[in-house]
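A.B. asks: A single structure is presented below for examination.
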Amino acid sequence: MEMDKEQFLSEFGKDYGYPDGPKTIDEIRATEFKRLDTDTVYLDHAGATLYSELQMEAIFKDLTSNVYGNPRIRCFQSDSSLATSEIIKECRQQVLDYCNASAKEYKCIFTSGATAALKMVGEAFPWSNQSHFMYTMENHNSVIGIREYALRQGAIAVAVDVEEFVDQDTSSTDQKSLFKVAQHDIQRRNANRCIKEDSPGTAHHLFAFPSECNFSGMRFNLDLIRALKEQSENTLKDTTLINYVHSSVTVWMQLQLASTPAISEGRWLVLIDAAKGCATEPPDLSIYPADFVVLSFYKIFGYPTGLGALIVQNEAAKLLKKTYFSGGTVAASIADVDFVKHRDGIEESFEDGTASFISIASIRHGFRMLNTHTISSISRHTSSLATYLRRVLLSLKHDSGADACIIYGDNSMISEKKGSIVSFNLKRPDGSWYGYREVEKLASLSGIHLRTGCFCNPGACAKYLGLSHTELLSNVEAGHICWDDFDIVNGKPTGAVRVSFGYMSTFEEAKKVVDFLVSSFVVLPTPVRYNCLLQESDIFLIEDSEKLEKSRGLYLKSITVYPIKSCAGFCVDSWPLSKTGLLHDREWLLRSPSGEILTQKKAPEMSLISTFIDLSQVTAFAFYCLIERLHINKLRGGMTITRYEVQSYDQEVNSWFSNAIARPCILWRSSASNCYINKQGSAGMCRDVESSLNFVNEAQFLLISEASVMDLNDRLKSKASQTLQAPIAQVSTMRFRPNLLISGGEPYDEDLWRGIRIGSKYFSSLGGCNRCQMINFDHQSEQVHKTSEPLATLASYRRVKGRILFGILLRVEKCSLENEELNSWLAVGEEVYPDMR
């Protein structure tokens, strides 16, 4: 279902764009976010929202006009210190006001972020072996990490699912909210170890949940707080109904905790992770009296990063048992005697070291910027965009009628339950999944910034994706960890795609996402001339199959050797082969002092380093060492470790390369290429022998067809004319860094080759080369510029299950090296004979 802006405004015009505010959304974008051009769509506001340019101008003016001293220096003669202390006090009040928290009941403790605030609660909470830590499945890892403190002190930890129902009492006009809380397995360590014994009635328990799930965008009903706290004096048996009346709303809470012993004996405290929710709907603590609320300022207004806050209820703060003390938190201490007196103030007791006072002073300008709107208007604005996107995505279907998109979370249209997040995965017509990495890669090529994975929310990820414990452990055993490329394991996604809106997001951005998803994953590609349209079975459409039987007049047009991985290569008329490919090809690499292998992705300047080898002048090097390189076998889900014996240069050489790429680096050489194969072998067995490799990614050789490059350039030219864009620069064959360039034949014939013979040498095809954004680096005029082409165009017709293929990978057959009668050299002009599939 498509919806243009006029239709959108007819439904959401009262909520979208701040129609009653001092600035409309278009005015906000034109004056405060000029850096977001029409080609950039930023929709990862749950990860980090964007700061306003006017906000940063105000901060810069403030910092360059005033002197802010260390507020820990309590000297009446220091005006700068006193002024800073007053500003920090003002900022604390702004944070409390943002959550409508009374300064008489709550305090604001500044931390280095939301994670640090959560860690503070976990470390200082009065755990005992009678305590319980209960948390919803939808929680960030930073919340789940509190579990370690609880379990270490002998407490019980348990994850729960909260399901809310709304019903109407037939005998009353009161609305009823029913919460069904179902527990997962109980977790406990040190069950027989009494670290601290409390009677059940004096134990303290902690319940943690997010105000808004950063995976699905679902908002939790904050009535959970009162429902739990008001029953802290009662025992929750196997199944208990909790009933209270608040603001004419009757709330029932049904706890199904059959295996949990009397968990409400004692006092329950409630923690809200509002790091995401505070950006669009901060909790109102005058209505929902949580004990702890954590927030992060860059999630709210973009700047500063590295600063968060813990809003703590005064009585709850008194229960926290802080161990460490520092200069700012101690009133007195004796160095050689076990004596320390902590400060009495809550903020002073918990803020270790000097406060980040420059960052704290900056948040005033963020709040002033937000206050030009109301939180309600921001919430309605972002919710309207999220509702629009959900509705459109749910309507997407393939030509077969199969659903193209699955959205995670409650898909009802009750907008109050939904935040500014839309998380989903895409399906192919046959029901298989598109990997989220494929979506992320193509979105990046289209200038769309979004997030993929599990978003550090393992519980919500497993819950919504339907992953069992067995499957999660199996994924880990297969090599899957956070932030890797294992987006599909055993036919199921391991994460999702997340779009999240901010107060400055626009309808045009949401529409661009929709258009991108439809064009890339729903609308089937139109068959084009030649055999260049990839199908998911890796079989190509061929207009004239008889052409495969005819000679194409193929010959080797050029040979390129790349001695140093990711640096420029040099062309030769002929070159010897070795057991690792072309002799000395990618035999050297540059690595950082920390051990990272450098490529153009990290250091594009490497492409400007010219190389050349005189075969008669290759010398030895100073000393040897051992390194390890780890390969992930994605097809088998295993890992192999390859050891390289390497040779290293002296400091003079390393300094030259460090200056050339403007970063410290070390040059290494693999000594494996100094070994030649002298054994006798048979041609019939050589295809079963694994290759020896230098510092390559996948294979010994990359072959590119000149005809395929010409077809790509035709498409680039046509694309520019159709979109009325400036002409797209034509790409050269060297943009793809081939070892072997062939001429003749039709575009993409190479996709069908099982192997080739060049002169008297045999090579096996290992399949298509999966291209990355490295081919988007344009090296014209001794400068390196990154563009979206040609990868964006290749993605439109050369995509197979997340891989964008162009060119083929080869390995030399062992027999071509062992037969002494063969000349183990390749030469430009030699004929190429393909072995068809």
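Numbering starts fresh at 1 for the residues of each chain in the structure tokens, the chains themselves are lettered A, B, ... in the order given, and ligands are numbered from 1 as they appear.
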Do a neighbour search on Gly327 in chain A at 12 Å with only C-alpha atoms, toss out local chain neighbours closer than 6 positions, and write the hits as a short mmCIF file (atom, residue, chain, number, x, y, z; two decimals) with all heavy atoms, in the first residue's frame.
C.D. replies:
data_model
loop_
_atom_site.label_atom_id
_atom_site.label_comp_id
_atom_site.auth_asym_id
_atom_site.auth_seq_id
_atom_site.Cartn_x
_atom_site.Cartn_y
_atom_site.Cartn_z
N ARG A 72 34.91 20.99 41.92
CA ARG A 72 35.36 20.34 43.15
C ARG A 72 36.22 21.27 44.01
O ARG A 72 36.46 21.03 45.18
CB ARG A 72 36.17 19.09 42.82
CG ARG A 72 35.37 17.96 42.20
CD ARG A 72 34.39 17.37 43.18
NE ARG A 72 33.81 16.13 42.65
CZ ARG A 72 32.66 15.62 43.07
NH1 ARG A 72 31.97 16.25 44.00
NH2 ARG A 72 32.21 14.49 42.57
N ILE A 73 36.76 22.33 43.39
CA ILE A 73 37.59 23.27 44.13
C ILE A 73 36.69 24.21 44.91
O ILE A 73 36.11 25.14 44.36
CB ILE A 73 38.51 24.07 43.18
CG1 ILE A 73 39.38 23.10 42.35
CG2 ILE A 73 39.38 25.04 43.95
CD1 ILE A 73 40.19 23.79 41.29
N SER A 333 39.36 11.11 55.26
CA SER A 333 39.96 9.77 55.25
C SER A 333 41.35 9.87 55.85
O SER A 333 41.96 10.94 55.88
CB SER A 333 40.03 9.21 53.84
OG SER A 333 40.94 9.95 53.04
N VAL A 340 37.35 6.16 56.94
CA VAL A 340 36.83 7.03 55.88
C VAL A 340 35.45 7.50 56.28
O VAL A 340 34.66 6.75 56.86
CB VAL A 340 36.79 6.32 54.51
CG1 VAL A 340 35.87 5.09 54.57
CG2 VAL A 340 36.32 7.27 53.43
N LYS A 341 35.16 8.75 56.02
CA LYS A 341 33.83 9.31 56.25
C LYS A 341 33.33 9.83 54.91
O LYS A 341 33.93 10.71 54.30
CB LYS A 341 33.87 10.45 57.27
CG LYS A 341 32.51 11.12 57.50
CD LYS A 341 32.61 12.18 58.57
CE LYS A 341 31.28 12.94 58.73
NZ LYS A 341 30.15 12.02 59.02
N HIS A 342 32.22 9.25 54.44
CA HIS A 342 31.65 9.63 53.15
C HIS A 342 30.85 10.93 53.29
O HIS A 342 30.38 11.28 54.38
CB HIS A 342 30.74 8.52 52.62
CG HIS A 342 31.47 7.28 52.26
ND1 HIS A 342 32.05 7.07 51.05
CD2 HIS A 342 31.72 6.15 52.99
CE1 HIS A 342 32.62 5.89 51.01
NE2 HIS A 342 32.43 5.30 52.19
N ARG A 343 30.68 11.60 52.20
CA ARG A 343 29.85 12.81 52.20
C ARG A 343 28.39 12.42 52.38
O ARG A 343 27.96 11.34 52.01
CB ARG A 343 30.03 13.57 50.89
CG ARG A 343 31.42 14.21 50.77
CD ARG A 343 31.48 15.19 49.61
NE ARG A 343 32.80 15.80 49.53
CZ ARG A 343 33.19 16.84 50.25
NH1 ARG A 343 32.37 17.40 51.12
NH2 ARG A 343 34.41 17.33 50.10
N GLU A 348 26.89 13.98 45.89
CA GLU A 348 28.31 14.00 46.23
C GLU A 348 28.82 12.61 46.59
O GLU A 348 30.00 12.31 46.39
CB GLU A 348 28.54 14.94 47.42
CG GLU A 348 28.29 16.41 47.09
CD GLU A 348 28.45 17.29 48.31
OE1 GLU A 348 28.15 16.79 49.42
OE2 GLU A 348 28.88 18.45 48.17
N SER A 349 27.97 11.77 47.13
CA SER A 349 28.40 10.44 47.54
C SER A 349 28.65 9.52 46.35
O SER A 349 29.44 8.58 46.46
CB SER A 349 27.34 9.80 48.45
OG SER A 349 27.17 10.56 49.63
N PHE A 350 27.98 9.77 45.25
CA PHE A 350 28.03 8.81 44.13
C PHE A 350 28.77 9.32 42.91
O PHE A 350 29.08 8.52 42.02
CB PHE A 350 26.60 8.42 43.74
CG PHE A 350 25.96 7.46 44.69
CD1 PHE A 350 25.20 7.90 45.75
CD2 PHE A 350 26.15 6.10 44.55
CE1 PHE A 350 24.62 7.02 46.64
CE2 PHE A 350 25.59 5.19 45.44
CZ PHE A 350 24.82 5.66 46.49
N GLU A 351 29.06 10.59 42.82
CA GLU A 351 29.77 11.10 41.64
C GLU A 351 31.26 11.08 41.88
O GLU A 351 31.85 12.02 42.41
CB GLU A 351 29.26 12.51 41.29
CG GLU A 351 27.86 12.50 40.76
CD GLU A 351 27.32 13.89 40.46
OE1 GLU A 351 28.00 14.88 40.79
OE2 GLU A 351 26.20 13.98 39.91
N ASP A 352 31.90 9.98 41.49
CA ASP A 352 33.33 9.82 41.71
C ASP A 352 34.12 10.77 40.81
O ASP A 352 33.84 10.92 39.63
CB ASP A 352 33.76 8.38 41.40
CG ASP A 352 33.19 7.40 42.41
OD1 ASP A 352 33.16 7.73 43.60
OD2 ASP A 352 32.76 6.30 41.99
N GLY A 353 35.15 11.38 41.39
CA GLY A 353 36.03 12.22 40.62
C GLY A 353 35.37 13.53 40.22
O GLY A 353 34.27 13.87 40.62
N THR A 354 36.09 14.26 39.37
CA THR A 354 35.57 15.54 38.90
C THR A 354 34.44 15.32 37.91
O THR A 354 34.57 14.51 36.99
CB THR A 354 36.70 16.34 38.21
OG1 THR A 354 37.74 16.56 39.16
CG2 THR A 354 36.18 17.67 37.70
N ALA A 355 33.37 16.02 38.12
CA ALA A 355 32.24 15.91 37.21
C ALA A 355 32.63 16.39 35.82
O ALA A 355 33.49 17.25 35.66
CB ALA A 355 31.06 16.72 37.73
#
A.B. asks: Could you list, as an mmCIF file with N, CA and C atoms, in the first residue's frame, every residue within 8 Å of Asn139 in chain A, counting only C-alpha atoms and ignoring same-chain residues fewer than 6 positions away?
C.D. replies:
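Saved as selection_39.cif:
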data_model
loop_
_atom_site.group_PDB
_atom_site.id
_atom_site.type_symbol
_atom_site.label_atom_id
_atom_site.label_comp_id
_atom_site.auth_asym_id
_atom_site.auth_seq_id
_atom_site.Cartn_x
_atom_site.Cartn_y
_atom_site.Cartn_z
ATOM 1 N N PHE A 209 12.692 -2.737 33.933
ATOM 2 C CA PHE A 209 12.109 -2.819 32.595
ATOM 3 C C PHE A 209 12.362 -1.504 31.866
ATOM 4 N N PRO A 210 12.327 -1.523 30.545
ATOM 5 C CA PRO A 210 12.530 -0.286 29.792
ATOM 6 C C PRO A 210 11.209 0.450 29.607
ATOM 7 N N CYS A 213 11.040 -0.415 24.525
ATOM 8 C CA CYS A 213 11.957 -1.452 24.071
ATOM 9 C C CYS A 213 12.760 -0.944 22.875
ATOM 10 N N ASN A 457 20.020 -6.263 22.706
ATOM 11 C CA ASN A 457 18.807 -6.645 23.429
ATOM 12 C C ASN A 457 18.535 -8.119 23.150
ATOM 13 N N PRO A 458 19.316 -9.029 23.776
ATOM 14 C CA PRO A 458 19.221 -10.449 23.418
ATOM 15 C C PRO A 458 17.875 -11.087 23.737
ATOM 16 N N GLY A 459 17.228 -10.623 24.812
ATOM 17 C CA GLY A 459 15.943 -11.212 25.179
ATOM 18 C C GLY A 459 14.860 -10.915 24.167
ATOM 19 N N ALA A 460 14.737 -9.627 23.791
ATOM 20 C CA ALA A 460 13.740 -9.255 22.791
ATOM 21 C C ALA A 460 14.059 -9.896 21.453
#
A.B. asks: Between A:Phe8, A:Tyr149, A:Tyr106, A:Phe215, single out the one closest to Asp44 in chain A, counting only C-alpha atoms.
C.D. replies: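 Of A:Phe8, A:Tyr149, A:Tyr106, A:Phe215, the one nearest Asp44 in chain A is A:Phe215, counting only C-alpha atoms.
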A.B. asks: Identify, with DSSP run on backbone atoms, the residues in range 565-619 of chain A assigned to strand (DSSP E), and express the list as a PyMOL selection string.
C.D. replies: chain A and resi 570-572+574-578+581-582+588-591
A.B. asks: Set the distance at 10 Å and use only C-alpha atoms: which residues neighbour Ile144 in chain A once local chain neighbours fewer than 6 positions away are removed? I'd like the list as a short mmCIF file (atom, residue, chain, number, x, y, z; two decimals) with N, CA and C atoms, in the first residue's frame.
C.D. replies:
data_model
loop_
_atom_site.label_atom_id
_atom_site.label_comp_id
_atom_site.auth_asym_id
_atom_site.auth_seq_id
_atom_site.Cartn_x
_atom_site.Cartn_y
_atom_site.Cartn_z
N LEU A 118 23.36 2.26 35.34
CA LEU A 118 22.86 0.91 35.64
C LEU A 118 23.89 0.13 36.45
N GLY A 122 23.52 -1.67 40.17
CA GLY A 122 23.84 -3.08 40.41
C GLY A 122 24.90 -3.27 41.47
N PHE A 133 16.04 -10.47 41.64
CA PHE A 133 16.18 -9.51 40.54
C PHE A 133 15.30 -10.00 39.40
N MET A 134 14.22 -9.29 39.17
CA MET A 134 13.27 -9.63 38.11
C MET A 134 13.38 -8.59 37.01
N TYR A 135 13.44 -9.04 35.78
CA TYR A 135 13.58 -8.12 34.65
C TYR A 135 12.83 -8.68 33.45
N THR A 136 12.29 -7.79 32.67
CA THR A 136 11.56 -8.23 31.48
C THR A 136 12.53 -8.74 30.42
N MET A 137 12.05 -9.62 29.57
CA MET A 137 12.88 -10.14 28.48
C MET A 137 13.35 -9.00 27.59
N GLU A 138 12.51 -7.99 27.41
CA GLU A 138 12.88 -6.84 26.59
C GLU A 138 13.73 -5.89 27.43
N ALA A 157 17.66 -14.55 40.19
CA ALA A 157 17.37 -13.72 39.02
C ALA A 157 16.37 -14.46 38.16
N ALA A 159 13.92 -13.79 34.46
CA ALA A 159 13.37 -12.99 33.37
C ALA A 159 11.89 -13.28 33.23
N ALA A 208 13.23 -4.54 36.93
CA ALA A 208 13.75 -3.62 35.91
C ALA A 208 13.05 -3.84 34.58
N PHE A 209 12.69 -2.74 33.93
CA PHE A 209 12.11 -2.82 32.60
C PHE A 209 12.36 -1.50 31.87
N ASN A 457 20.02 -6.26 22.71
CA ASN A 457 18.81 -6.64 23.43
C ASN A 457 18.54 -8.12 23.15
N PRO A 458 19.32 -9.03 23.78
CA PRO A 458 19.22 -10.45 23.42
C PRO A 458 17.87 -11.09 23.74
N GLY A 459 17.23 -10.62 24.81
CA GLY A 459 15.94 -11.21 25.18
C GLY A 459 14.86 -10.91 24.17
#
A.B. asks: Do a neighbour search on Leu96 in chain A at 8 Å with only C-alpha atoms, toss out local chain neighbours closer than 6 positions, and write the hits as a short mmCIF file (atom, residue, chain, number, x, y, z; two decimals) with all heavy atoms, in the first residue's frame.
C.D. replies:
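Saved file part_39.cif follows:
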data_model
loop_
_atom_site.label_atom_id
_atom_site.label_comp_id
_atom_site.auth_asym_id
_atom_site.auth_seq_id
_atom_site.Cartn_x
_atom_site.Cartn_y
_atom_site.Cartn_z
N SER A 102 9.97 15.59 41.63
CA SER A 102 10.11 16.60 42.68
C SER A 102 11.52 16.56 43.26
O SER A 102 12.04 15.48 43.59
CB SER A 102 9.09 16.35 43.79
OG SER A 102 9.39 17.14 44.92
N ALA A 103 12.14 17.72 43.39
CA ALA A 103 13.47 17.79 43.98
C ALA A 103 13.46 17.39 45.45
O ALA A 103 14.52 17.07 46.01
CB ALA A 103 14.04 19.20 43.83
N TYR A 106 13.45 13.29 44.78
CA TYR A 106 14.43 12.66 43.89
C TYR A 106 15.70 13.48 43.81
O TYR A 106 15.70 14.70 44.02
CB TYR A 106 13.85 12.50 42.48
CG TYR A 106 12.79 11.43 42.35
CD1 TYR A 106 11.43 11.75 42.53
CD2 TYR A 106 13.13 10.12 42.05
CE1 TYR A 106 10.47 10.77 42.40
CE2 TYR A 106 12.16 9.14 41.93
CZ TYR A 106 10.83 9.46 42.11
OH TYR A 106 9.87 8.50 41.99
N LYS A 107 16.79 12.81 43.47
CA LYS A 107 18.06 13.46 43.20
C LYS A 107 18.57 13.01 41.83
O LYS A 107 18.27 11.90 41.39
CB LYS A 107 19.09 13.12 44.28
CG LYS A 107 18.73 13.66 45.65
CD LYS A 107 18.77 15.19 45.68
CE LYS A 107 18.50 15.73 47.07
NZ LYS A 107 17.11 15.52 47.50
N CYS A 108 19.35 13.87 41.21
CA CYS A 108 19.95 13.57 39.91
C CYS A 108 21.45 13.37 40.09
O CYS A 108 22.16 14.29 40.50
CB CYS A 108 19.68 14.70 38.91
SG CYS A 108 20.63 14.57 37.38
N ILE A 311 18.42 9.13 38.00
CA ILE A 311 17.45 9.80 38.87
C ILE A 311 17.06 8.78 39.92
O ILE A 311 16.54 7.71 39.59
CB ILE A 311 16.22 10.28 38.07
CG1 ILE A 311 16.64 11.27 36.99
CG2 ILE A 311 15.21 10.92 39.01
CD1 ILE A 311 15.50 11.73 36.11
#
A.B. asks: Quick check, in Å to one decimal: how far apart do CA of Leu667 in chain A and CA of Gly595 in chain A lie?
C.D. replies: 11.3 Å
A.B. asks: Give me the residues within 7 Å of Arg267 in chain A as a PyMOL selection string, counting only C-alpha atoms and dropping any in the same chain fewer than 2 places off.
C.D. replies: chain A and resi 203-205+232+265+269
A.B. asks: Which polymer residues have any atom within 9 Å of an atom of Arg437 in chain A, counting only C-alpha atoms, with same-chain residues fewer than 4 positions away left out, as number ranges by chain?
C.D. replies: A: 441-442, 452-453, 485-487, 497, 802
A.B. asks: Please, what distance in Å, to one decimal, runs between CA of Leu810 in chain A and CA of Leu766 in chain A?
C.D. replies: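 These two atoms are separated by 5.7 Å.
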A.B. asks: Hey, which bits of range 78-145 of chain A sit within 6 Å of range 274-291 of chain A, and for each residue what's the closest pair of atoms and how far apart in Å (one decimal), counting only C-alpha atoms, rows by chain and increasing number, as a tab-separated table?
C.D. replies:
residue	atom	partner	partner_atom	distance
A:Cys99	CA	A:Asp284	CA	5.2
A:Asn100	CA	A:Asp284	CA	5.3
A:Ala101	CA	A:Leu285	CA	5.2
A.B. asks: Just the residues within 8 Å of Phe521 in chain A, please, counting only C-alpha atoms, with nothing from its chain fewer than 3 positions along; format it as a ChimeraX atom specification.
C.D. replies: /A:404,426,428,517-518,524
A.B. asks: When you draw a straight line from CA of Arg391 in chain A to CA of Gly409 in chain A, how long is it in Å?
C.D. replies: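 Rounded to one decimal, the two atoms are 13.2 Å apart.
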A.B. asks: Using only C-alpha atoms, can you tell me which of A:Ala155, A:Met774, A:Leu693, A:Ala46 comes closest to Ser607 in chain A?
C.D. replies: A:Met774
A.B. asks: Please, which residues of range 273-319 of chain A, numbered as in this document, come out alpha helix (DSSP H) from DSSP, as a PyMOL selection string?
C.D. replies: chain A and resi 297-301+314-319
A.B. asks: Go through A:Ile146, A:Leu206, A:Val95, A:Ile28 and flag the residue nearest Leu54 in chain A, using only C-alpha atoms for the distances.
C.D. replies: A:Ile28
